[in-house]
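Inspection log for the structure reproduced underneath, given as structure tokens.
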Amino acid sequence: MSSALARARSGRRPLPPLRGPLRHAAAPRSLLLYAEFHRILAPGGLLMLAKHAGDDEYLRQGPTQAYGGHPVSYESRLLPAERTAELLSRAGLVITTRLVQEPDEGARRTAATFLARKSERPLAP
């Protein structure tokens, strides 16, 4: 259950929520995804990222059924919240808020939510 919402402050409509790809991306791929968020955000644009966190856990699910009854399998890598924060920063985003929610009764996973923004100034080369 990972989701991301990127919103540009350019007067254009917000980007729709992106669900799924971040959960299934390993750390190097996550950095590429976060760098793409940085690229498409207007200066000062906001990114809200909510995802499950773990101790670098590798999970494999499936086969299960997707929409239309098609069989699918999923692989996930749950990174620690600190590692996700590091990857967001390396991609050039400034984290303004981080919330880590430990699982409570009935929940199985830690949830991490980040609010980050693209700097008003371009990154130095």
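FYI, nothing fancy with the structure tokens labels: chains A, B, ... in order, residues from 1 per chain, ligands from 1 as they appear.
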
Can you build me a table of range 27-76 of chain A residues sitting at most 6 Å from range 83-91 of chain A, with the closest atom pair per residue and its distance in Å to one decimal, using only C-alpha atoms, sorted by chain and residue number, as a Markdown table?
```
| residue | atom | partner | partner_atom | distance |
| --- | --- | --- | --- | --- |
| A:Leu31 | CA | A:Leu87 | CA | 5.6 |
| A:Tyr34 | CA | A:Ala91 | CA | 5.8 |
| A:Ala35 | CA | A:Ala91 | CA | 4.6 |
```

* For Ala116 in chain A, work out the shell of residues within 7 Å, counting only C-alpha atoms and skipping chain neighbours fewer than 4 positions away, then give it as a list in words. => Leu46, Leu47, Met48, Leu93, Val94, Ile95, Thr96 and Thr97 of chain A

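For the set A:Leu41, A:Ala112, A:Arg29, A:Ala107, the residue with the smallest atom-to-atom gap to Ala53 in chain A is A:Ala112, counting only C-alpha atoms.
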
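With only C-alpha atoms as the atoms that count, the residue of A:Glu82, A:Leu33, A:Ala42, A:Gly69 with the shortest distance to Asp56 in chain A is A:Glu82.
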
* If we count only C-alpha atoms, what is near Lys118 in chain A at a cut-off of 6 Å, once residues fewer than 3 positions away on the same chain are taken out, given as a ChimeraX atom specification? -> /A:43-45,93
